$ cat coords16.cif   # mmCIF, C-alpha atoms and all ligand atoms
data_start
#
loop_
_atom_site.label_atom_id
_atom_site.label_comp_id
_atom_site.auth_asym_id
_atom_site.auth_seq_id
_atom_site.Cartn_x
_atom_site.Cartn_y
_atom_site.Cartn_z
CA MET A 1065 10.91 -30.06 16.37
CA SER A 1066 12.52 -28.09 13.52
CA PHE A 1067 11.67 -24.43 13.10
CA VAL A 1068 9.86 -25.11 9.83
CA ARG A 1069 7.71 -27.79 11.46
CA LYS A 1070 6.91 -25.50 14.38
CA LEU A 1071 5.93 -22.79 11.90
CA ARG A 1072 3.69 -25.22 10.04
CA ALA A 1073 2.10 -26.46 13.26
CA SER A 1074 1.50 -23.00 14.72
CA ALA A 1075 0.32 -21.31 11.55
CA LYS A 1076 -1.82 -24.24 10.31
CA PHE A 1077 -0.85 -23.41 6.72
CA PRO A 1078 -1.06 -25.65 3.72
CA PHE A 1079 2.43 -27.13 3.31
CA SER A 1080 3.17 -25.40 0.02
CA SER A 1081 2.84 -21.86 1.35
CA VAL A 1082 4.76 -22.58 4.54
CA ASN A 1083 7.51 -24.18 2.51
CA ARG A 1084 7.71 -21.04 0.44
CA LEU A 1085 7.89 -18.83 3.54
CA ALA A 1086 10.52 -21.01 5.18
CA ILE A 1087 12.67 -21.44 2.08
CA ARG A 1088 12.58 -17.72 1.34
CA THR A 1089 13.57 -16.93 4.91
CA PHE A 1090 16.45 -19.37 5.28
CA SER A 1091 18.09 -20.17 1.95
CA GLY A 1092 19.15 -16.57 1.30
CA ILE A 1093 19.02 -17.02 -2.48
CA VAL A 1094 16.08 -16.03 -4.68
CA GLN A 1095 15.85 -16.54 -8.42
CA GLY A 1096 15.75 -12.94 -9.67
CA LEU A 1097 14.18 -9.70 -8.47
CA PRO A 1098 10.49 -10.72 -8.64
CA GLU A 1099 11.15 -13.43 -6.06
CA ALA A 1100 12.68 -10.86 -3.72
CA ILE A 1101 9.27 -9.21 -3.34
CA GLY A 1102 7.43 -9.74 -0.05
CA GLN A 1103 8.50 -11.50 3.16
CA THR A 1104 8.93 -8.11 4.81
CA PRO A 1105 9.57 -7.76 8.56
CA LEU A 1106 6.72 -6.92 10.92
CA ILE A 1107 8.19 -4.18 13.10
CA GLU A 1108 6.88 -3.48 16.58
CA LEU A 1109 6.70 0.30 17.04
CA LYS A 1110 7.83 0.16 20.63
CA SER A 1111 7.27 3.81 21.48
CA LEU A 1112 3.64 3.50 20.37
CA SER A 1113 3.17 0.15 22.10
CA ALA A 1114 4.36 1.83 25.31
CA LEU A 1115 2.03 4.78 24.70
CA THR A 1116 -1.08 2.70 24.08
CA GLY A 1117 -0.54 -0.49 26.10
CA CYS A 1118 -1.21 -2.41 22.87
CA LYS A 1119 1.25 -4.06 20.50
CA ILE A 1120 1.51 -1.73 17.50
CA LEU A 1121 2.94 -3.73 14.60
CA ALA A 1122 3.82 -2.39 11.15
CA LYS A 1123 4.62 -4.34 8.00
CA SER A 1124 7.71 -2.71 6.52
CA GLU A 1125 6.71 -2.69 2.87
CA PHE A 1126 9.29 -0.02 2.08
CA GLN A 1127 11.78 -2.92 2.13
CA ASN A 1128 10.44 -4.36 -1.12
CA PRO A 1129 12.86 -4.09 -4.08
CA GLY A 1130 10.82 -1.30 -5.74
CA GLY A 1131 10.46 0.40 -2.37
CA SER A 1132 6.74 -0.04 -1.75
CA ILE A 1133 3.75 -2.26 -1.00
CA LYS A 1134 2.81 -2.01 -4.68
CA ASP A 1135 5.55 -4.42 -5.79
CA ARG A 1136 3.28 -7.21 -4.57
CA ALA A 1137 0.33 -6.09 -6.70
CA ALA A 1138 2.56 -5.46 -9.74
CA LEU A 1139 3.97 -8.99 -9.57
CA SER A 1140 0.59 -10.61 -9.02
CA ILE A 1141 -0.93 -8.73 -11.97
CA ILE A 1142 1.92 -9.63 -14.35
CA ASP A 1143 1.92 -13.27 -13.22
CA ASP A 1144 -1.84 -13.38 -13.80
CA ALA A 1145 -1.56 -11.86 -17.31
CA GLU A 1146 1.15 -14.40 -18.18
CA ARG A 1147 -0.98 -17.28 -16.90
CA ARG A 1148 -3.91 -16.07 -18.99
CA GLY A 1149 -1.69 -15.93 -22.09
CA GLN A 1150 -2.12 -12.15 -22.44
CA LEU A 1151 1.62 -11.43 -22.15
CA SER A 1152 4.52 -13.19 -23.82
CA PRO A 1153 8.16 -12.21 -24.36
CA GLY A 1154 8.49 -8.79 -26.01
CA GLY A 1155 5.04 -7.71 -24.78
CA THR A 1156 4.05 -4.33 -23.34
CA VAL A 1157 2.65 -3.55 -19.90
CA ILE A 1158 0.67 -0.31 -19.64
CA GLU A 1159 -0.68 1.28 -16.46
CA GLY A 1160 -2.16 4.44 -15.04
CA THR A 1161 -0.44 4.98 -11.70
CA ALA A 1162 0.47 7.66 -9.21
CA GLY A 1163 3.91 6.15 -9.07
CA ASN A 1164 4.55 3.16 -6.85
CA THR A 1165 2.71 0.59 -8.95
CA GLY A 1166 4.56 1.93 -11.97
CA ILE A 1167 7.88 1.57 -10.18
CA GLY A 1168 7.04 -2.04 -9.25
CA LEU A 1169 5.88 -2.79 -12.80
CA ALA A 1170 8.97 -1.14 -14.32
CA HIS A 1171 11.32 -3.27 -12.20
CA ILE A 1172 9.50 -6.49 -13.06
CA CYS A 1173 9.24 -5.56 -16.75
CA ARG A 1174 13.02 -5.08 -16.91
CA ALA A 1175 13.57 -8.40 -15.15
CA ARG A 1176 11.18 -10.24 -17.50
CA GLY A 1177 11.88 -8.41 -20.77
CA TYR A 1178 8.64 -6.43 -21.23
CA LYS A 1179 8.22 -2.83 -22.35
CA CYS A 1180 6.59 -0.64 -19.66
CA VAL A 1181 4.39 2.41 -20.41
CA ILE A 1182 3.12 4.58 -17.54
CA TYR A 1183 0.46 7.32 -17.48
CA MET A 1184 0.37 9.39 -14.30
CA PRO A 1185 -1.14 12.66 -13.01
CA ASN A 1186 1.34 15.53 -13.40
CA THR A 1187 0.72 16.55 -9.77
CA GLN A 1188 2.92 13.73 -8.47
CA ALA A 1189 6.43 14.23 -7.04
CA PRO A 1190 8.88 14.78 -9.98
CA SER A 1191 11.34 12.32 -8.48
CA LYS A 1192 8.83 9.51 -9.13
CA ILE A 1193 8.74 10.42 -12.84
CA ASN A 1194 12.56 10.45 -13.04
CA LEU A 1195 12.83 7.08 -11.35
CA LEU A 1196 10.36 5.51 -13.76
CA LYS A 1197 12.31 6.84 -16.74
CA LEU A 1198 15.54 5.58 -15.23
CA LEU A 1199 13.98 2.11 -14.95
CA GLY A 1200 13.34 2.19 -18.69
CA ALA A 1201 9.63 3.03 -18.63
CA GLU A 1202 7.97 5.33 -21.16
CA VAL A 1203 6.28 7.95 -18.95
CA HIS A 1204 3.29 10.14 -19.86
CA PRO A 1205 2.57 12.77 -17.17
CA VAL A 1206 -0.96 14.07 -17.92
CA PRO A 1207 -3.27 16.67 -16.34
CA ALA A 1208 -4.89 15.46 -13.11
CA VAL A 1209 -8.60 15.25 -13.97
CA ALA A 1210 -11.45 13.26 -12.37
CA TYR A 1211 -12.06 9.62 -13.20
CA THR A 1212 -15.29 10.62 -14.96
CA ASN A 1213 -13.27 12.65 -17.49
CA PRO A 1214 -12.12 10.58 -20.53
CA GLN A 1215 -8.69 12.29 -20.21
CA ASN A 1216 -8.12 10.73 -16.77
CA TYR A 1217 -4.78 8.88 -16.69
CA ASN A 1218 -6.45 5.49 -16.26
CA HIS A 1219 -8.56 5.86 -19.40
CA LEU A 1220 -5.53 7.08 -21.36
CA ALA A 1221 -3.57 3.98 -20.29
CA LYS A 1222 -6.43 1.73 -21.35
CA ALA A 1223 -6.72 3.45 -24.74
CA HIS A 1224 -2.95 3.06 -25.28
CA ALA A 1225 -3.22 -0.73 -24.72
CA GLU A 1226 -6.19 -0.92 -27.09
CA ARG A 1227 -4.19 0.90 -29.77
CA LEU A 1228 -1.35 -1.62 -29.45
CA GLY A 1229 -3.69 -4.63 -29.62
CA SER A 1230 -2.18 -8.07 -28.98
CA ASN A 1231 0.60 -8.80 -26.46
CA ALA A 1232 -0.14 -5.52 -24.68
CA VAL A 1233 -1.81 -5.48 -21.28
CA TRP A 1234 -3.50 -2.62 -19.45
CA THR A 1235 -2.85 -3.83 -15.94
CA ASN A 1236 -5.81 -1.87 -14.52
CA GLN A 1237 -4.68 -1.93 -10.90
CA PHE A 1238 -7.88 -0.33 -9.59
CA ASP A 1239 -10.25 -2.99 -10.89
CA ASN A 1240 -8.02 -5.98 -11.60
CA ILE A 1241 -8.49 -8.26 -8.62
CA ALA A 1242 -5.12 -9.91 -9.17
CA ASN A 1243 -4.05 -6.83 -7.14
CA ARG A 1244 -6.17 -7.77 -4.11
CA ASN A 1245 -5.23 -11.44 -4.54
CA ALA A 1246 -1.56 -10.56 -3.97
CA HIS A 1247 -2.49 -9.63 -0.41
CA ILE A 1248 -4.73 -12.65 0.13
CA GLU A 1249 -1.87 -14.86 -1.01
CA THR A 1250 1.13 -13.10 0.57
CA THR A 1251 0.63 -10.08 2.88
CA GLY A 1252 -2.24 -11.57 4.86
CA PRO A 1253 -0.57 -14.98 5.38
CA GLU A 1254 2.70 -13.28 6.35
CA ILE A 1255 0.95 -11.18 9.02
CA TRP A 1256 -0.86 -14.25 10.36
CA SER A 1257 2.33 -16.27 10.47
CA GLN A 1258 4.47 -13.48 11.94
CA THR A 1259 1.99 -12.88 14.76
CA ALA A 1260 1.21 -16.62 15.12
CA GLY A 1261 -2.43 -15.56 14.79
CA GLN A 1262 -2.15 -13.16 17.75
CA VAL A 1263 -3.67 -10.22 15.91
CA ASP A 1264 -6.77 -8.38 17.09
CA ALA A 1265 -7.08 -5.62 14.52
CA PHE A 1266 -5.85 -4.47 11.15
CA THR A 1267 -6.07 -0.95 9.80
CA CYS A 1268 -4.83 0.72 6.64
CA SER A 1269 -5.75 3.28 4.03
CA THR A 1270 -6.78 2.58 0.44
CA GLY A 1271 -5.66 3.72 -2.98
CA THR A 1272 -6.86 0.90 -5.19
CA GLY A 1273 -8.03 -0.86 -2.03
CA GLY A 1274 -5.98 -3.96 -2.91
CA THR A 1275 -3.92 -4.02 0.28
CA PHE A 1276 -6.80 -3.30 2.63
CA ALA A 1277 -9.24 -5.68 0.96
CA GLY A 1278 -6.81 -8.57 0.50
CA VAL A 1279 -5.40 -8.47 4.03
CA THR A 1280 -8.88 -7.96 5.51
CA ARG A 1281 -10.27 -10.93 3.55
CA TYR A 1282 -7.44 -13.20 4.69
CA LEU A 1283 -7.47 -12.18 8.35
CA LYS A 1284 -11.27 -12.34 8.60
CA ASP A 1285 -11.32 -15.83 7.02
CA LYS A 1286 -8.45 -17.13 9.09
CA SER A 1287 -9.84 -15.79 12.41
CA GLN A 1288 -13.50 -16.56 11.62
CA GLY A 1289 -14.28 -12.86 11.76
CA ARG A 1290 -12.51 -12.16 15.06
CA VAL A 1291 -9.90 -9.72 13.70
CA LYS A 1292 -11.43 -6.24 13.49
CA CYS A 1293 -10.66 -4.32 10.29
CA TYR A 1294 -10.75 -0.51 10.10
CA LEU A 1295 -10.44 1.48 6.89
CA ALA A 1296 -8.35 4.65 7.38
CA ASP A 1297 -9.12 7.53 5.04
CA PRO A 1298 -7.51 10.92 4.38
CA PRO A 1299 -9.60 14.09 3.86
CA GLY A 1300 -10.92 14.37 0.29
CA SER A 1301 -11.61 10.63 0.00
CA VAL A 1302 -15.20 9.41 -0.12
CA LEU A 1303 -14.83 6.03 1.59
CA TYR A 1304 -15.05 7.28 5.18
CA GLY A 1305 -18.38 9.01 4.45
CA TYR A 1306 -19.57 5.97 2.51
CA ILE A 1307 -18.97 3.56 5.39
CA LYS A 1308 -20.29 5.98 8.02
CA SER A 1309 -23.49 6.51 5.99
CA ASN A 1310 -24.06 2.75 5.92
CA LYS A 1311 -22.97 2.66 2.29
CA GLN A 1312 -25.50 5.25 1.14
CA ASP A 1313 -23.42 8.35 0.43
CA LEU A 1314 -20.47 8.35 -1.95
CA SER A 1315 -20.41 12.11 -2.38
CA ASP A 1316 -18.57 13.46 0.68
CA ARG A 1317 -15.26 14.68 -0.77
CA LYS A 1318 -14.65 17.46 1.77
CA GLY A 1319 -11.05 18.59 2.15
CA SER A 1320 -7.80 17.55 0.53
CA SER A 1321 -4.70 15.77 1.75
CA ILE A 1322 -0.91 15.84 1.59
CA THR A 1323 -0.87 12.04 1.31
CA GLU A 1324 0.05 10.52 -2.06
CA GLY A 1325 -1.23 7.20 -3.39
CA ILE A 1326 -4.26 6.97 -1.10
CA GLY A 1327 -7.78 8.37 -1.02
CA GLN A 1328 -10.48 7.22 -3.40
CA GLY A 1329 -13.54 8.64 -5.17
CA ARG A 1330 -15.35 5.34 -5.73
CA VAL A 1331 -15.61 1.72 -4.59
CA THR A 1332 -13.13 -0.10 -6.81
CA ASP A 1333 -13.57 -3.73 -7.89
CA ASN A 1334 -10.67 -4.54 -5.58
CA LEU A 1335 -12.65 -3.28 -2.60
CA VAL A 1336 -16.23 -4.12 -3.46
CA GLN A 1337 -16.23 -7.73 -2.26
CA GLU A 1338 -14.73 -6.82 1.12
CA ILE A 1339 -16.76 -3.68 1.85
CA ASP A 1340 -19.16 -5.62 4.09
CA LEU A 1341 -16.26 -6.99 6.14
CA ILE A 1342 -15.21 -3.52 7.32
CA ASP A 1343 -15.87 -2.97 11.03
CA ASP A 1344 -15.51 0.82 10.90
CA ALA A 1345 -13.75 3.71 9.20
CA LEU A 1346 -11.46 6.41 10.59
CA LYS A 1347 -10.76 9.83 9.12
CA ILE A 1348 -7.18 10.98 9.73
CA GLU A 1349 -6.35 14.68 9.37
CA ASP A 1350 -3.08 15.79 7.74
CA GLN A 1351 -1.78 17.51 10.88
CA LYS A 1352 -1.78 14.18 12.75
CA THR A 1353 -0.24 12.44 9.74
CA ILE A 1354 2.66 14.87 9.38
CA GLU A 1355 3.40 14.75 13.10
CA MET A 1356 3.57 10.96 12.86
CA VAL A 1357 6.03 11.17 9.93
CA TYR A 1358 8.32 13.08 12.28
CA GLU A 1359 7.58 11.01 15.42
CA LEU A 1360 8.41 7.76 13.63
CA LEU A 1361 11.71 9.26 12.57
CA ASP A 1362 12.48 10.62 16.02
CA LYS A 1363 11.37 7.69 18.19
CA GLU A 1364 11.83 4.69 15.91
CA GLY A 1365 14.36 5.78 13.27
CA ILE A 1366 11.73 4.92 10.65
CA TYR A 1367 11.70 7.15 7.57
CA VAL A 1368 8.37 6.72 5.79
CA GLY A 1369 5.95 8.63 3.57
CA ALA A 1370 2.66 10.18 4.56
CA SER A 1371 0.40 7.20 3.77
CA SER A 1372 2.46 5.04 6.15
CA ALA A 1373 2.25 7.71 8.84
CA LEU A 1374 -1.51 7.98 8.37
CA ASN A 1375 -1.78 4.21 8.78
CA VAL A 1376 0.19 4.37 12.03
CA VAL A 1377 -2.02 7.20 13.37
CA ALA A 1378 -4.99 4.96 12.58
CA ALA A 1379 -3.35 2.02 14.40
CA VAL A 1380 -2.93 4.18 17.51
CA GLU A 1381 -6.60 5.26 17.29
CA VAL A 1382 -7.70 1.64 16.93
CA ALA A 1383 -5.55 0.71 19.95
CA ARG A 1384 -7.37 3.40 21.94
CA ILE A 1385 -10.76 2.09 20.76
CA LEU A 1386 -9.92 -1.51 21.72
CA GLY A 1387 -8.07 -0.68 24.95
CA PRO A 1388 -4.76 -2.04 26.33
CA GLY A 1389 -3.65 -5.61 25.74
CA HIS A 1390 -4.52 -5.86 22.06
CA SER A 1391 -2.38 -6.33 19.01
CA VAL A 1392 -2.93 -3.94 16.08
CA VAL A 1393 -1.29 -4.38 12.67
CA THR A 1394 -0.81 -1.77 9.98
CA VAL A 1395 1.35 -1.13 6.90
CA LEU A 1396 4.37 1.08 6.20
CA CYS A 1397 3.66 1.51 2.48
CA ASP A 1398 6.85 3.24 1.30
CA SER A 1399 9.79 5.29 2.53
CA ALA A 1400 9.97 9.11 2.60
CA HIS A 1401 12.69 9.28 -0.08
CA LYS A 1402 10.36 10.28 -2.91
CA TYR A 1403 8.67 12.97 -0.82
CA SER A 1404 11.57 14.34 1.24
CA ASP A 1405 11.71 17.65 -0.66
CA ARG A 1406 8.12 18.25 0.47
CA LEU A 1407 7.71 16.61 3.88
CA PHE A 1408 10.85 18.18 5.36
CA SER A 1409 10.57 21.62 3.74
CA LYS A 1410 9.60 24.65 5.83
CA THR A 1411 8.05 26.43 2.84
CA TRP A 1412 6.01 23.41 1.78
CA LEU A 1413 4.76 22.74 5.30
CA GLU A 1414 3.72 26.39 5.64
CA SER A 1415 1.96 26.28 2.27
CA LYS A 1416 -0.13 23.37 3.56
CA GLY A 1417 -0.86 25.07 6.90
CA LEU A 1418 0.95 22.31 8.83
CA THR A 1419 3.00 22.86 11.95
CA ILE A 1420 5.74 20.73 13.47
CA PRO A 1421 5.92 20.61 17.28
CA ASP A 1422 9.05 22.22 18.80
CA HIS A 1423 10.63 18.94 19.89
CA LEU A 1424 10.61 17.74 16.26
CA ALA A 1425 11.52 21.02 14.54
CA LYS A 1426 15.14 19.95 14.09
CA TYR A 1427 14.01 17.57 11.30
CA VAL A 1428 12.69 20.44 9.16
CA VAL A 1429 16.03 20.64 7.35
CA LEU A 1430 14.95 22.15 4.00
CA ASP A 1431 13.86 25.72 3.29
N1 LIG B 1 0.55 4.21 -0.04
C1 LIG B 1 1.22 4.54 -1.14
C2 LIG B 1 2.43 5.40 -1.01
C3 LIG B 1 0.77 4.10 -2.40
O1 LIG B 1 1.45 4.44 -3.51
C4 LIG B 1 -0.40 3.31 -2.48
C5 LIG B 1 -0.92 2.84 -3.81
N2 LIG B 1 -1.36 3.85 -4.65
C6 LIG B 1 -1.07 3.00 -1.30
C7 LIG B 1 -0.56 3.46 -0.09
C8 LIG B 1 -2.38 2.25 -1.30
O2 LIG B 1 -2.28 0.89 -1.63
P1 LIG B 1 -3.48 0.15 -2.35
O3 LIG B 1 -3.47 0.55 -3.78
O4 LIG B 1 -3.18 -1.30 -2.17
O5 LIG B 1 -4.76 0.55 -1.70
#
$ encode --input "coords16.cif" --output "structure tokens"
Amino acid sequence: MSFVRKLRASAKFPFSSVNRLAIRTFSGIVQGLPEAIGQTPLIELKSLSALTGCKILAKSEFQNPGGSIKDRAALSIIDDAERRGQLSPGGTVIEGTAGNTGIGLAHICRARGYKCVIYMPNTQAPSKINLLKLLGAEVHPVPAVAYTNPQNYNHLAKAHAERLGSNAVWTNQFDNIANRNAHIETTGPEIWSQTAGQVDAFTCSTGTGGTFAGVTRYLKDKSQGRVKCYLADPPGSVLYGYIKSNKQDLSDRKGSSITEGIGQGRVTDNLVQEIDLIDDALKIEDQKTIEMVYELLDKEGIYVGASSALNVVAAVEVARILGPGHSVVTVLCDSAHKYSDRLFSKTWLESKGLTIPDHLAKYVVLD
């Protein structure tokens, strides 16, 4: 039996999606950058598998062309706007984003001939702003204020689109479910296919919630509810408290986090339909996250940002909850490149009250 047929038989996919997976894997040629998004490897983190007795598997989303998981959402949102007739050649794409969605949008806008306008909080790493400009985007760094404030970067992005009127789209990643659908249509099926359905649990953190909700929806549907799904939250995000309080309390914002791109103050439209599918939530402290950034580098040669490290800490905790013999999947959202001047700086680590264990201290290479 050919490999493609075996894949079809084992994954029980509709032919069209398996064809797409197989063709993308074996032909080697894709028609432009947007088609190079997705189909990322699922890496077994062998040191952590050995530690836990479980298979710890991580989707290497840093291998997307824009360098993050958000390329998938950006493409899905633009495709959706085109299908709806909201975007045509020469149009403008406008978004409020902490960076990665903007980078994904900027790449795709260049490839498809759209103008890209990005509003982002001015607390984000400066290298993200430079990259967006370099990709041809018009960037507006604005004060970081709460969502309830009309000056929040999301509202400013929306107002900009309204000013432009026709052929301008506010992509609205937080509440546009084309974001979540990207993961129902691609990330979830890829995980199912790559593990041949041998997956017991999925865990990841949420920014918009698109990744978590989409993958959770797909894996729950495909496994008839068998795959357990755990939401991982950094300090300062309300979702952990919300789930632990049986969806009563959205007010617990205690603490703050070094992670960028994750943590949420509300239940977004991308998350709301999947909130009842969540089996449990985990709160991951920054000290564990930063140690995992360094451990992944030291033991696996994997150089990822803090949200990825937090996800891996959560996967290890889920493995401990389930016990040996299980298979736990998580997501490596982006690489450490954009954050290296922070994550590997002695001064920055000290300013955050974080310590690096002696055996990893050699990676603190910046003052
Ligand atoms: N990690 C990083 C680095 C991100 O930029 C984001 C998106 N803001 C996420 C994780 C969370 O992804 P999602 O929006 O799908 O919840």
$ residues_near_ligand --input "coords16.cif" --ligand "ligand LIG 1 (chain B)" --cutoff "10 Å" --atoms "all atoms listed in the file" --output "number ranges by chain"
A: 1125-1126, 1131-1137, 1161-1167, 1237-1238, 1243-1244, 1246-1247, 1268-1279, 1323-1328, 1332, 1334-1335, 1368-1375, 1395-1400, 1402-1403
$ atom_distance --input "coords16.cif" --atom1 "atom CA of A:Pro1299" --atom2 "atom CA of A:Ala1210"
16.4 Å
$ atom_distance --input "coords16.cif" --atom1 "atom CA of A:Thr1104" --atom2 "atom CA of A:Gly1092"
13.7 Å
$ axis_aligned_box --input "coords16.cif" --around "stretch 1224-1237 of chain A" --padding-each-side "8 Å" --output "JSON"
{"center_x": -2.8, "center_y": -2.9, "center_z": -20.3, "size_x": 22.8, "size_y": 27.9, "size_z": 34.9}
$ residues_near_point --input "coords16.cif" --point "(-6.8, 2.4, 27.5)" --cutoff "12 Å" --atoms "only C-alpha atoms" --output "PyMOL selection string"
chain A and resi 1113-1118+1380-1390
$ closest_residue --input "coords16.cif" --among "A:Val1302, A:Ile1093, A:Val1233, A:Leu1346" --to "A:Ser1152" --atoms "only C-alpha atoms"
A:Val1233
$ atom_distance --input "coords16.cif" --atom1 "atom CA of A:Lys1179" --atom2 "atom CA of A:Pro1098"
16.0 Å
$ residues_around --input "coords16.cif" --residues "stretch 1359-1364 of chain A" --least-positions-apart "2" --cutoff "8 Å" --atoms "only C-alpha atoms" --output "PDB file with C-alpha atoms, in the frame of the given file"
ATOM      1  CA  LEU A1109       6.700   0.300  17.040  1.00  0.00           C
ATOM      2  CA  LYS A1110       7.830   0.160  20.630  1.00  0.00           C
ATOM      3  CA  SER A1111       7.270   3.810  21.480  1.00  0.00           C
ATOM      4  CA  GLU A1355       3.400  14.750  13.100  1.00  0.00           C
ATOM      5  CA  MET A1356       3.570  10.960  12.860  1.00  0.00           C
ATOM      6  CA  VAL A1357       6.030  11.170   9.930  1.00  0.00           C
ATOM      7  CA  ILE A1366      11.730   4.920  10.650  1.00  0.00           C
ATOM      8  CA  TYR A1367      11.700   7.150   7.570  1.00  0.00           C
ATOM      9  CA  VAL A1368       8.370   6.720   5.790  1.00  0.00           C
ATOM     10  CA  ALA A1373       2.250   7.710   8.840  1.00  0.00           C
ATOM     11  CA  LEU A1424      10.610  17.740  16.260  1.00  0.00           C
TER      12      LEU A1424
END
$ closest_residue --input "coords16.cif" --among "A:Lys1123, A:Gly1154, A:Asn1231, A:Arg1174" --to "A:Gly1096" --atoms "only C-alpha atoms"
A:Arg1174
$ closest_residue --input "coords16.cif" --among "A:Leu1283, A:Ile1248, A:Ala1170, A:Ala1138" --to "A:Lys1192" --atoms "all atoms listed in the file"
A:Ala1170
$ residues_around --input "coords16.cif" --residues "A:Gln1337" --least-positions-apart "4" --cutoff "9 Å" --atoms "only C-alpha atoms" --output "number ranges by chain"
A: 1277, 1281, 1333, 1341
$ residues_around --input "coords16.cif" --residues "A:Ala1225" --least-positions-apart "2" --cutoff "12 Å" --atoms "all atoms listed in the file" --output "NGL selection string"
:A and (1150 or 1155-1160 or 1179-1183 or 1218-1223 or 1227-1236)
$ closest_residue --input "coords16.cif" --among "A:Pro1421, A:Gly1289, A:Gly1200, A:Gly1329" --to "A:Gly1305" --atoms "all atoms listed in the file"
A:Gly1329
$ residues_around --input "coords16.cif" --residues "A:Leu1314" --least-positions-apart "3" --cutoff "10 Å" --atoms "only C-alpha atoms" --output "ChimeraX atom specification"
/A:1301-1307,1309,1311,1317,1329-1331
$ residues_around --input "coords16.cif" --residues "A:Ile1255" --least-positions-apart "2" --cutoff "12 Å" --atoms "all atoms listed in the file" --output "number ranges by chain"
A: 1075, 1085, 1102-1107, 1121-1125, 1247-1253, 1257-1266, 1278-1280, 1282-1283, 1286, 1291, 1391-1395
$ closest_residue --input "coords16.cif" --among "A:Asp1343, A:Leu1097, A:Ala1208, A:His1401" --to "A:Leu1195" --atoms "only C-alpha atoms"
A:His1401
$ decode --input "coords16.cif" --residues "stretch 1249-1270 of chain A" --atoms "C-alpha atoms" --output "PDB file, in the first residue's frame"
ATOM      1  CA  GLU A1249      -8.772  22.910   9.718  1.00  0.00           C
ATOM      2  CA  THR A1250      -4.980  22.565   9.965  1.00  0.00           C
ATOM      3  CA  THR A1251      -3.251  22.309  13.374  1.00  0.00           C
ATOM      4  CA  GLY A1252      -5.716  19.839  14.877  1.00  0.00           C
ATOM      5  CA  PRO A1253      -5.774  17.516  11.826  1.00  0.00           C
ATOM      6  CA  GLU A1254      -1.980  17.643  11.596  1.00  0.00           C
ATOM      7  CA  ILE A1255      -1.613  16.577  15.248  1.00  0.00           C
ATOM      8  CA  TRP A1256      -4.138  13.769  14.770  1.00  0.00           C
ATOM      9  CA  SER A1257      -2.416  12.556  11.635  1.00  0.00           C
ATOM     10  CA  GLN A1258       1.122  12.860  13.016  1.00  0.00           C
ATOM     11  CA  THR A1259       0.227  10.851  16.108  1.00  0.00           C
ATOM     12  CA  ALA A1260      -2.070   8.482  14.149  1.00  0.00           C
ATOM     13  CA  GLY A1261      -4.677   9.361  16.779  1.00  0.00           C
ATOM     14  CA  GLN A1262      -2.403   8.213  19.626  1.00  0.00           C
ATOM     15  CA  VAL A1263      -2.839  11.374  21.666  1.00  0.00           C
ATOM     16  CA  ASP A1264      -4.163  11.412  25.216  1.00  0.00           C
ATOM     17  CA  ALA A1265      -3.917  15.085  26.115  1.00  0.00           C
ATOM     18  CA  PHE A1266      -3.402  18.524  24.674  1.00  0.00           C
ATOM     19  CA  THR A1267      -2.344  21.598  26.598  1.00  0.00           C
ATOM     20  CA  CYS A1268      -1.513  25.145  25.602  1.00  0.00           C
ATOM     21  CA  SER A1269      -1.872  28.740  26.686  1.00  0.00           C
ATOM     22  CA  THR A1270      -4.158  31.348  25.148  1.00  0.00           C
TER      23      THR A1270
END
